[in-house]
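S.K.: I'm passing along final_5.cif; it holds mmCIF, C-alpha atoms, pLDDT in the B column; chains and numbers go by the auth columns.
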```
data_query
#
loop_
_atom_site.group_PDB
_atom_site.id
_atom_site.type_symbol
_atom_site.label_atom_id
_atom_site.label_comp_id
_atom_site.label_asym_id
_atom_site.label_seq_id
_atom_site.Cartn_x
_atom_site.Cartn_y
_atom_site.Cartn_z
_atom_site.B_iso_or_equiv
_atom_site.auth_seq_id
_atom_site.auth_asym_id
ATOM 1 C CA MET A 1 -86.867 -10.882 13.169 96.00 1 T
ATOM 2 C CA LEU A 2 -86.458 -8.128 10.578 97.00 2 T
ATOM 3 C CA LEU A 3 -88.890 -5.223 10.987 97.00 3 T
ATOM 4 C CA ASP A 4 -89.401 -2.601 8.314 96.00 4 T
ATOM 5 C CA PHE A 5 -89.957 0.960 9.544 96.00 5 T
ATOM 6 C CA ASP A 6 -92.098 2.717 6.928 94.00 6 T
ATOM 7 C CA GLY A 7 -95.470 1.003 6.949 94.00 7 T
ATOM 8 C CA VAL A 8 -94.607 -1.413 9.766 97.00 8 T
ATOM 9 C CA LEU A 9 -92.997 0.055 12.894 97.00 9 T
ATOM 10 C CA SER A 10 -94.637 3.295 11.804 96.00 10 T
ATOM 11 C CA LEU A 11 -97.890 2.303 10.138 93.00 11 T
ATOM 12 C CA ASN A 12 -98.569 5.776 8.763 94.00 12 T
ATOM 13 C CA ALA A 13 -95.055 6.557 7.522 95.00 13 T
ATOM 14 C CA SER A 14 -95.465 5.014 4.063 94.00 14 T
ATOM 15 C CA SER A 15 -98.603 6.963 3.197 95.00 15 T
ATOM 16 C CA LEU A 16 -97.185 10.224 4.571 96.00 16 T
ATOM 17 C CA LEU A 17 -93.890 9.799 2.712 95.00 17 T
ATOM 18 C CA LEU A 18 -95.841 9.083 -0.470 96.00 18 T
ATOM 19 C CA LEU A 19 -97.731 12.340 -0.013 96.00 19 T
ATOM 20 C CA ALA A 20 -94.494 14.217 0.706 97.00 20 T
ATOM 21 C CA LEU A 21 -92.824 12.791 -2.412 97.00 21 T
ATOM 22 C CA HIS A 22 -95.815 13.790 -4.523 97.00 22 T
ATOM 23 C CA GLU A 23 -95.701 17.331 -3.161 97.00 23 T
ATOM 24 C CA GLY A 24 -91.931 17.496 -3.734 97.00 24 T
ATOM 25 C CA ILE A 25 -92.226 16.441 -7.376 97.00 25 T
ATOM 26 C CA ASN A 26 -95.090 18.823 -8.014 97.00 26 T
ATOM 27 C CA ARG A 27 -93.047 21.745 -6.747 97.00 27 T
ATOM 28 C CA HIS A 28 -91.105 21.377 -10.003 98.00 28 T
ATOM 29 C CA THR A 29 -93.340 19.567 -12.494 97.00 29 T
ATOM 30 C CA GLU A 30 -96.894 18.251 -12.567 96.00 30 T
ATOM 31 C CA LEU A 31 -97.308 14.528 -11.947 96.00 31 T
ATOM 32 C CA PRO A 32 -100.620 12.830 -11.081 96.00 32 T
ATOM 33 C CA ILE A 33 -100.780 11.202 -7.669 96.00 33 T
ATOM 34 C CA GLU A 34 -101.574 7.861 -9.325 95.00 34 T
ATOM 35 C CA ALA A 35 -98.234 7.973 -11.156 95.00 35 T
ATOM 36 C CA THR A 36 -96.409 8.908 -7.954 96.00 36 T
ATOM 37 C CA VAL A 37 -97.975 5.912 -6.195 95.00 37 T
ATOM 38 C CA THR A 38 -96.640 3.547 -8.855 93.00 38 T
ATOM 39 C CA GLN A 39 -93.108 4.927 -8.530 93.00 39 T
ATOM 40 C CA PHE A 40 -93.205 5.073 -4.739 94.00 40 T
ATOM 41 C CA LYS A 41 -93.926 1.362 -4.412 92.00 41 T
ATOM 42 C CA ALA A 42 -90.600 0.572 -6.066 89.00 42 T
ATOM 43 C CA ILE A 43 -88.651 3.376 -4.399 89.00 43 T
ATOM 44 C CA SER A 44 -89.681 2.101 -0.944 88.00 44 T
ATOM 45 C CA THR A 45 -87.953 -1.222 -1.690 90.00 45 T
ATOM 46 C CA PHE A 46 -85.096 -0.343 -4.045 90.00 46 T
ATOM 47 C CA PRO A 47 -82.081 1.783 -2.955 88.00 47 T
ATOM 48 C CA GLN A 48 -83.668 5.141 -2.283 85.00 48 T
ATOM 49 C CA ARG A 49 -81.236 7.645 -3.757 88.00 49 T
ATOM 50 C CA GLU A 50 -80.622 5.706 -6.975 91.00 50 T
ATOM 51 C CA SER A 51 -84.347 5.114 -7.494 93.00 51 T
ATOM 52 C CA LEU A 52 -85.211 8.749 -6.928 95.00 52 T
ATOM 53 C CA ARG A 53 -82.433 9.813 -9.291 95.00 53 T
ATOM 54 C CA VAL A 54 -83.922 7.722 -12.094 95.00 54 T
ATOM 55 C CA LEU A 55 -87.383 9.156 -11.411 96.00 55 T
ATOM 56 C CA PHE A 56 -86.258 12.788 -11.206 97.00 56 T
ATOM 57 C CA ALA A 57 -84.005 12.457 -14.261 97.00 57 T
ATOM 58 C CA GLY A 58 -86.852 10.948 -16.252 96.00 58 T
ATOM 59 C CA LEU A 59 -89.101 13.855 -15.285 97.00 59 T
ATOM 60 C CA GLY A 60 -86.418 16.410 -16.162 97.00 60 T
ATOM 61 C CA ILE A 61 -85.999 17.708 -12.604 98.00 61 T
ATOM 62 C CA GLU A 62 -82.779 15.962 -11.534 97.00 62 T
ATOM 63 C CA GLN A 63 -81.287 19.316 -10.496 98.00 63 T
ATOM 64 C CA HIS A 64 -83.737 19.327 -7.586 98.00 64 T
ATOM 65 C CA LEU A 65 -82.939 15.782 -6.436 97.00 65 T
ATOM 66 C CA SER A 66 -80.613 16.546 -3.519 96.00 66 T
ATOM 67 C CA ALA A 67 -82.930 19.158 -2.020 96.00 67 T
ATOM 68 C CA GLU A 68 -85.960 16.883 -2.229 96.00 68 T
ATOM 69 C CA ILE A 69 -84.082 13.915 -0.747 94.00 69 T
ATOM 70 C CA ASP A 70 -83.005 16.127 2.150 94.00 70 T
ATOM 71 C CA ALA A 71 -86.627 17.180 2.600 95.00 71 T
ATOM 72 C CA LEU A 72 -87.786 13.555 2.716 94.00 72 T
ATOM 73 C CA ARG A 73 -85.055 12.577 5.180 93.00 73 T
ATOM 74 C CA SER A 74 -85.931 15.453 7.512 95.00 74 T
ATOM 75 C CA LEU A 75 -89.658 14.717 7.642 94.00 75 T
ATOM 76 C CA THR A 76 -91.313 14.146 10.992 94.00 76 T
ATOM 77 C CA ALA A 77 -94.784 15.312 9.898 95.00 77 T
ATOM 78 C CA VAL A 78 -96.732 15.911 6.676 95.00 78 T
ATOM 79 C CA ARG A 79 -99.553 18.477 6.490 93.00 79 T
ATOM 80 C CA GLY A 80 -99.669 18.609 10.257 94.00 80 T
ATOM 81 C CA THR A 81 -99.878 14.826 10.713 96.00 81 T
ATOM 82 C CA PRO A 82 -96.851 13.428 12.556 96.00 82 T
ATOM 83 C CA LEU A 83 -95.170 10.175 11.662 96.00 83 T
ATOM 84 C CA ALA A 84 -95.908 7.893 14.582 96.00 84 T
ATOM 85 C CA LEU A 85 -95.095 4.434 15.854 96.00 85 T
ATOM 86 C CA GLY A 86 -97.778 1.844 15.308 95.00 86 T
ATOM 87 C CA GLU A 87 -100.040 1.030 18.226 95.00 87 T
ATOM 88 C CA GLY A 88 -98.521 -1.638 20.430 96.00 88 T
ATOM 89 C CA VAL A 89 -94.985 -1.495 19.010 97.00 89 T
ATOM 90 C CA GLU A 90 -93.317 -1.091 22.402 97.00 90 T
ATOM 91 C CA ALA A 91 -95.276 -3.950 23.957 96.00 91 T
ATOM 92 C CA PHE A 92 -94.611 -6.178 20.955 97.00 92 T
ATOM 93 C CA CYS A 93 -90.851 -5.565 21.081 97.00 93 T
ATOM 94 C CA ALA A 94 -90.789 -6.293 24.824 96.00 94 T
ATOM 95 C CA GLN A 95 -92.766 -9.481 24.229 95.00 95 T
ATOM 96 C CA GLN A 96 -90.411 -10.706 21.521 95.00 96 T
ATOM 97 C CA ARG A 97 -87.285 -9.914 23.514 95.00 97 T
ATOM 98 C CA ALA A 98 -88.774 -11.915 26.383 94.00 98 T
ATOM 99 C CA ARG A 99 -88.925 -14.807 23.894 92.00 99 T
ATOM 100 C CA ASP A 100 -85.186 -14.212 23.157 93.00 100 T
ATOM 101 C CA VAL A 101 -85.966 -13.057 19.620 94.00 101 T
ATOM 102 C CA ARG A 102 -83.308 -10.925 17.965 93.00 102 T
ATOM 103 C CA LEU A 103 -84.994 -7.818 16.549 96.00 103 T
ATOM 104 C CA ARG A 104 -83.476 -5.862 13.677 96.00 104 T
ATOM 105 C CA VAL A 105 -84.752 -2.694 12.003 96.00 105 T
ATOM 106 C CA PHE A 106 -84.505 -3.467 8.291 94.00 106 T
ATOM 107 C CA SER A 107 -85.153 -0.181 6.522 90.00 107 T
ATOM 108 C CA THR A 108 -83.947 2.101 3.756 85.00 108 T
ATOM 109 C CA MET A 109 -83.516 4.954 6.266 86.00 109 T
ATOM 110 C CA ASP A 110 -80.068 5.655 7.681 83.00 110 T
ATOM 111 C CA ARG A 111 -78.520 7.489 10.644 84.00 111 T
ATOM 112 C CA THR A 112 -79.313 10.901 9.134 86.00 112 T
ATOM 113 C CA THR A 113 -83.034 10.187 8.711 92.00 113 T
ATOM 114 C CA ALA A 114 -85.089 12.249 11.157 95.00 114 T
ATOM 115 C CA ARG A 115 -87.908 9.709 11.591 94.00 115 T
ATOM 116 C CA ARG A 116 -85.423 7.231 13.023 94.00 116 T
ATOM 117 C CA SER A 117 -85.600 9.258 16.255 94.00 117 T
ATOM 118 C CA LEU A 118 -89.023 7.701 16.856 95.00 118 T
ATOM 119 C CA LEU A 119 -87.168 4.502 17.745 96.00 119 T
ATOM 120 C CA ASP A 120 -84.824 6.113 20.290 94.00 120 T
ATOM 121 C CA GLY A 121 -84.814 4.011 23.423 93.00 121 T
ATOM 122 C CA LEU A 122 -86.529 1.103 21.676 95.00 122 T
ATOM 123 C CA PHE A 123 -83.605 -0.079 19.540 96.00 123 T
ATOM 124 C CA ARG A 124 -79.847 0.145 19.973 93.00 124 T
ATOM 125 C CA PRO A 125 -77.543 1.384 17.183 91.00 125 T
ATOM 126 C CA GLU A 126 -76.417 -2.195 16.531 91.00 126 T
ATOM 127 C CA ASP A 127 -80.046 -3.259 15.960 94.00 127 T
ATOM 128 C CA TYR A 128 -80.220 -1.333 12.676 94.00 128 T
ATOM 129 C CA VAL A 129 -79.313 -3.119 9.460 91.00 129 T
ATOM 130 C CA ALA A 130 -77.240 -0.857 7.230 84.00 130 T
ATOM 131 C CA LEU A 131 -78.673 -1.345 3.740 87.00 131 T
ATOM 132 C CA ASP A 132 -76.471 1.297 2.106 80.00 132 T
ATOM 133 C CA HIS A 133 -76.833 0.585 -1.653 84.00 133 T
ATOM 134 C CA ALA A 134 -78.384 -2.861 -1.225 90.00 134 T
ATOM 135 C CA SER A 135 -81.907 -3.554 -2.454 94.00 135 T
ATOM 136 C CA LYS A 136 -84.623 -5.088 -0.300 95.00 136 T
ATOM 137 C CA ALA A 137 -85.940 -6.651 -3.519 95.00 137 T
ATOM 138 C CA ASP A 138 -82.719 -8.677 -3.976 96.00 138 T
ATOM 139 C CA PRO A 139 -82.560 -12.108 -2.277 97.00 139 T
ATOM 140 C CA ASP A 140 -78.781 -11.749 -1.956 96.00 140 T
ATOM 141 C CA THR A 141 -79.344 -8.851 0.460 95.00 141 T
ATOM 142 C CA TYR A 142 -80.944 -11.267 2.928 96.00 142 T
ATOM 143 C CA ALA A 143 -78.289 -13.921 2.410 95.00 143 T
ATOM 144 C CA ALA A 144 -75.576 -11.378 3.229 94.00 144 T
ATOM 145 C CA LEU A 145 -77.443 -10.209 6.317 93.00 145 T
ATOM 146 C CA LEU A 146 -77.847 -13.738 7.657 93.00 146 T
ATOM 147 C CA ALA A 147 -74.183 -14.431 7.038 93.00 147 T
ATOM 148 C CA ALA A 148 -73.300 -11.327 9.054 90.00 148 T
ATOM 149 C CA GLU A 149 -75.566 -12.572 11.862 90.00 149 T
ATOM 150 C CA GLY A 150 -73.868 -15.978 11.802 91.00 150 T
ATOM 151 C CA GLU A 151 -77.148 -17.666 10.891 90.00 151 T
ATOM 152 C CA VAL A 152 -76.982 -20.887 8.889 90.00 152 T
ATOM 153 C CA ASP A 153 -80.735 -21.543 8.856 95.00 153 T
ATOM 154 C CA PRO A 154 -82.645 -18.737 7.093 96.00 154 T
ATOM 155 C CA GLY A 155 -85.924 -20.336 8.204 95.00 155 T
ATOM 156 C CA GLN A 156 -85.161 -19.122 11.733 94.00 156 T
ATOM 157 C CA TRP A 157 -85.652 -15.529 10.544 96.00 157 T
ATOM 158 C CA LEU A 158 -88.848 -13.649 9.822 97.00 158 T
ATOM 159 C CA LEU A 159 -89.295 -10.503 7.723 98.00 159 T
ATOM 160 C CA VAL A 160 -92.238 -8.225 8.524 98.00 160 T
ATOM 161 C CA ASP A 161 -92.725 -5.702 5.726 97.00 161 T
ATOM 162 C CA ASP A 162 -95.513 -3.867 3.922 96.00 162 T
ATOM 163 C CA SER A 163 -93.880 -4.333 0.509 96.00 163 T
ATOM 164 C CA PRO A 164 -94.749 -7.566 -1.327 96.00 164 T
ATOM 165 C CA LEU A 165 -91.614 -7.132 -3.426 96.00 165 T
ATOM 166 C CA ALA A 166 -89.406 -7.224 -0.328 96.00 166 T
ATOM 167 C CA LEU A 167 -91.251 -10.275 0.979 98.00 167 T
ATOM 168 C CA ARG A 168 -90.705 -12.030 -2.345 98.00 168 T
ATOM 169 C CA ALA A 169 -86.935 -11.607 -2.060 97.00 169 T
ATOM 170 C CA ALA A 170 -86.871 -12.736 1.562 98.00 170 T
ATOM 171 C CA LYS A 171 -88.914 -15.840 0.765 98.00 171 T
ATOM 172 C CA ILE A 172 -86.578 -16.763 -2.086 98.00 172 T
ATOM 173 C CA ALA A 173 -83.696 -16.431 0.376 97.00 173 T
ATOM 174 C CA GLY A 174 -85.445 -18.905 2.693 97.00 174 T
ATOM 175 C CA LEU A 175 -86.869 -16.567 5.340 97.00 175 T
ATOM 176 C CA ARG A 176 -90.406 -16.685 6.703 97.00 176 T
ATOM 177 C CA THR A 177 -92.521 -13.703 5.720 98.00 177 T
ATOM 178 C CA VAL A 178 -95.399 -11.667 7.140 98.00 178 T
ATOM 179 C CA LEU A 179 -97.088 -8.822 5.316 98.00 179 T
ATOM 180 C CA MET A 180 -98.201 -5.857 7.412 97.00 180 T
ATOM 181 C CA ARG A 181 -101.198 -4.495 5.535 95.00 181 T
ATOM 182 C CA GLY A 182 -101.308 -0.737 5.101 91.00 182 T
ATOM 183 C CA ALA A 183 -102.694 2.021 2.920 90.00 183 T
ATOM 184 C CA VAL A 184 -100.102 2.050 0.104 94.00 184 T
ATOM 185 C CA PHE A 185 -100.052 -1.477 -1.341 94.00 185 T
ATOM 186 C CA SER A 186 -103.404 -2.581 -2.752 93.00 186 T
ATOM 187 C CA ASP A 187 -105.047 -5.994 -2.818 94.00 187 T
ATOM 188 C CA ASP A 188 -103.942 -6.333 -6.447 94.00 188 T
ATOM 189 C CA ASP A 189 -100.344 -5.537 -5.477 94.00 189 T
ATOM 190 C CA VAL A 190 -100.444 -8.240 -2.830 96.00 190 T
ATOM 191 C CA SER A 191 -102.246 -10.914 -4.838 96.00 191 T
ATOM 192 C CA ALA A 192 -99.424 -11.134 -7.379 94.00 192 T
ATOM 193 C CA PHE A 193 -97.027 -12.120 -4.569 97.00 193 T
ATOM 194 C CA GLU A 194 -99.234 -14.336 -2.395 96.00 194 T
ATOM 195 C CA SER A 195 -97.037 -17.388 -2.932 97.00 195 T
ATOM 196 C CA PHE A 196 -94.170 -15.532 -1.205 98.00 196 T
ATOM 197 C CA ILE A 197 -96.208 -14.407 1.818 98.00 197 T
ATOM 198 C CA ASP A 198 -96.703 -16.786 4.754 97.00 198 T
ATOM 199 C CA ALA A 199 -99.191 -14.633 6.673 97.00 199 T
ATOM 200 C CA GLN A 200 -100.834 -11.212 6.664 97.00 200 T
ATOM 201 C CA VAL A 201 -101.622 -8.974 9.652 97.00 201 T
ATOM 202 C CA THR A 202 -102.956 -5.461 10.158 96.00 202 T
ATOM 203 C CA SER A 203 -101.499 -4.666 13.585 96.00 203 T
ATOM 204 C CA PHE A 204 -98.829 -5.611 16.091 96.00 204 T
ATOM 205 C CA ALA A 205 -101.503 -7.173 18.261 96.00 205 T
ATOM 206 C CA GLU A 206 -102.286 -9.571 15.397 96.00 206 T
ATOM 207 C CA LEU A 207 -98.595 -10.213 14.765 96.00 207 T
ATOM 208 C CA GLY A 208 -97.950 -10.993 18.422 95.00 208 T
ATOM 209 C CA ALA A 209 -100.919 -13.352 18.527 95.00 209 T
ATOM 210 C CA LEU A 210 -99.700 -15.087 15.368 94.00 210 T
ATOM 211 C CA LEU A 211 -96.254 -15.700 16.828 93.00 211 T
ATOM 212 C CA THR A 212 -97.680 -16.841 20.158 89.00 212 T
ATOM 213 C CA ALA A 213 -99.879 -19.336 18.333 88.00 213 T
ATOM 214 C CA GLU A 214 -96.777 -20.681 16.591 79.00 214 T
ATOM 215 C CA ASP A 215 -95.109 -21.156 19.984 72.00 215 T
ATOM 216 C CA ASP A 216 -98.143 -23.026 21.279 63.00 216 T
ATOM 217 C CA ARG A 217 -98.208 -25.571 18.461 62.00 217 T
ATOM 218 C CA PRO A 218 -97.372 -29.106 19.644 54.00 218 T
ATOM 219 C CA ALA A 219 -93.845 -30.212 18.857 47.00 219 T
ATOM 220 C CA PRO A 220 -93.586 -32.998 16.254 47.00 220 T
ATOM 221 C CA LEU A 221 -93.319 -36.508 17.609 43.00 221 T
ATOM 222 C CA PRO A 222 -89.885 -38.146 17.545 48.00 222 T
ATOM 223 C CA ALA A 223 -89.307 -40.399 14.556 43.00 223 T
ATOM 224 C CA SER A 224 -89.430 -43.482 16.788 40.00 224 T
ATOM 225 C CA ARG A 225 -93.048 -42.710 17.686 38.00 225 T
ATOM 226 C CA LEU A 226 -94.301 -42.007 14.157 35.00 226 T
#
```
Before anything else, please render the file you have as structure tokens.

M.R.:
Amino acid sequence: MLLDFDGVLSLNASSLLLLALHEGINRHTELPIEATVTQFKAISTFPQRESLRVLFAGLGIEQHLSAEIDALRSLTAVRGTPLALGEGVEAFCAQQRARDVRLRVFSTMDRTTARRSLLDGLFRPEDYVALDHASKADPDTYAALLAAEGEVDPGQWLLVDDSPLALRAAKIAGLRTVLMRGAVFSDDDVSAFESFIDAQVTSFAELGALLTAEDDRPAPLPASRL
């Protein structure tokens, strides 16, 4: 199972990072929050540094890029609100490991990202997927990951993400997909990608119940009994 961090393992991280990006841009040039939202939805899926470079260069503030990226990577709170794990994350991870599910953190953050410390003790270093310059919107990213895991059946893997664009790529690559609904991606954003989304949830309690229900489904009858 691949679990995104921003908007999934931390349900409030996406909205807080959006606010922080907006504040960072507006330290140097005025940009409406609505325009920042549009850009953020792509940045959260595409390689972060390259996406931000295009945005900052287009706005004429590329000289401030490195400082603002460092500010985003060091964030643990925005306007006094801390980034926090979603309710029930620890119990969900324990439940899935009891089912012998391999859990992987599939995120654009890296080892230098401060919010990763929220997962200390919950995931091991080898549980993090190193995206580097890969894009979560590219189906080949998932194919390469499964090859590294020694998996020949992509249908055995599930991506849980809040970005419909990431879910699209995973579905094309053959994975199962679940959308974690949050505050950043709207109903209109989701509706355009519904054919790539197998299920939608709003919490880890719902996700756990969904997976348990899948386990409880009767196995198909052998061919000789059909």

S.K.: Which residue is closest to Arg176 of chain T? Choose from T:Glu34, T:Glu50, T:Asp153, T:Asp70 and count all atoms listed in the file.

M.R.: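 Smallest distance to Arg176 of chain T is found for T:Asp153.
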
S.K.: Atom CA of Gly150 of chain T to atom CA of His133 of chain T: how many Å, to one decimal?

M.R.: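 Distance between the two atoms: 21.5 Å.
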
S.K.: Find the residues around Ala94 of chain T up to 10 Å (all atoms listed in the file counted), leave out those fewer than 6 positions away in its own chain, and share them as a VMD selection string.

M.R.: chain T and resid 100 to 101 122

S.K.: Would you mind exporting the chosen residues as a PDB file, in the coordinates of the input, restricted to C-alpha atoms?

M.R.:
```pdb
ATOM      1  CA  ASP T 100     -85.186 -14.212  23.157  1.00 93.00           C
ATOM      2  CA  VAL T 101     -85.966 -13.057  19.620  1.00 94.00           C
ATOM      3  CA  LEU T 122     -86.529   1.103  21.676  1.00 95.00           C
TER       4      LEU T 122
END
```

S.K.: Given all atoms listed in the file as the basis, pick out the residue of T:Ala147, T:Leu31, T:Leu159, T:Ala20 nearest to Arg104 of chain T.

M.R.: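 For Arg104 of chain T, the nearest of the given residues is T:Leu159.
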
S.K.: Just how far from atom CA of Ser10 of chain T is atom CA of Cys93 of chain T, in Å to one decimal?

M.R.: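 These atoms are spaced 13.4 Å apart.
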
S.K.: Fewer than 3 positions away in the same chain doesn't count, so skip those; otherwise give me all residues within 10 Å of segment 142-145 of chain T, counting all atoms listed in the file, as a PyMOL selection string.

M.R.: chain T and resi 2+106+129-131+134-139+148-152+154+157+159+166+169-175

S.K.: Measuring between only C-alpha atoms, which one of T:Ala98, T:Arg73, T:Glu87, T:Ser51 shows the shortest distance to Asp110 of chain T?

M.R.: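 Closest to Asp110 of chain T, using only C-alpha atoms: T:Arg73.
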
S.K.: Which is closer to Gln39 of chain T than all the others in T:Val184, T:Ala67, T:Val160, T:Leu72, using all atoms listed in the file?

M.R.: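 Among the listed residues, the smallest separation from Gln39 of chain T belongs to T:Val184.
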
S.K.: On this structure, the PyMOL selection byres ((chain T and resi 165) around 10) would catch which residues? List them as a VMD selection string, sorted by chain and number.

M.R.: chain T and resid 41 to 42 44 to 46 136 to 138 161 to 164 166 to 170 189 to 190 192 to 193 196

S.K.: Written as a PyMOL selection string, which residues does the PyMOL selection byres ((chain T and resi 116) around 12) give for the file shown?

M.R.: chain T and resi 4-6+9-10+13+73-76+83-85+105-115+117-125+128

S.K.: Just to confirm, what's the straight-line distance from atom CA of Leu3 of chain T to atom CA of Gly80 of chain T in Å (one decimal)?

M.R.: 26.2 Å

S.K.: Starting from the shown file, work through the PyMOL selection byres ((chain T and resi 183) around 9) and note down what comes out as a list in words.

M.R.: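 Applying the PyMOL selection byres ((chain T and resi 183) around 9) to the structure shown produces Gly7, Leu11, Asn12, Ser14, Ser15, Arg181, Gly182, Val184, Phe185 and Ser186 of chain T.
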
S.K.: For Asp132 of chain T, which residue among T:Val54, T:Gln48, T:Gly86, T:Arg79 is the nearest when counting only C-alpha atoms?

M.R.: T:Gln48

S.K.: Mind checking which residues fall within 7 Å of Glu62 of chain T, counting all atoms listed in the file, ignoring those fewer than 5 positions away in the same chain, and posting them as a PyMOL selection string?

M.R.: chain T and resi 53+56-57

S.K.: Set the distance at 10 Å and use all atoms listed in the file: which residues neighbour Thr212 of chain T once local chain neighbours fewer than 5 positions away are removed? I'd like the list as a PyMOL selection string.

M.R.: chain T and resi 95-96+99+206-207+217

S.K.: For segment 206-211 of chain T, what centre and edge lengths in Å (one decimal) does the axis-aligned box get once 5 Å is added on each side of all its listed atoms, as JSON?

M.R.:
```
{"center_x": -99.3, "center_y": -12.6, "center_z": 16.6, "size_x": 16.0, "size_y": 16.1, "size_z": 13.8}
```

S.K.: List every protein, DNA or RNA residue that has an atom no more than 7 Å from (-95.6, -15.3, 7.6) in the file's coordinate frame, counting all atoms listed in the file, and report them as a short mmCIF file (atom, residue, chain, number, x, y, z; two decimals) with C-alpha atoms, keeping the file's coordinate frame.

M.R.:
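Contents of selection.cif, freshly written:
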```
data_model
loop_
_atom_site.label_atom_id
_atom_site.label_comp_id
_atom_site.auth_asym_id
_atom_site.auth_seq_id
_atom_site.Cartn_x
_atom_site.Cartn_y
_atom_site.Cartn_z
CA ARG T 176 -90.41 -16.68 6.70
CA THR T 177 -92.52 -13.70 5.72
CA VAL T 178 -95.40 -11.67 7.14
CA ILE T 197 -96.21 -14.41 1.82
CA ASP T 198 -96.70 -16.79 4.75
CA ALA T 199 -99.19 -14.63 6.67
CA GLN T 200 -100.83 -11.21 6.66
#
```
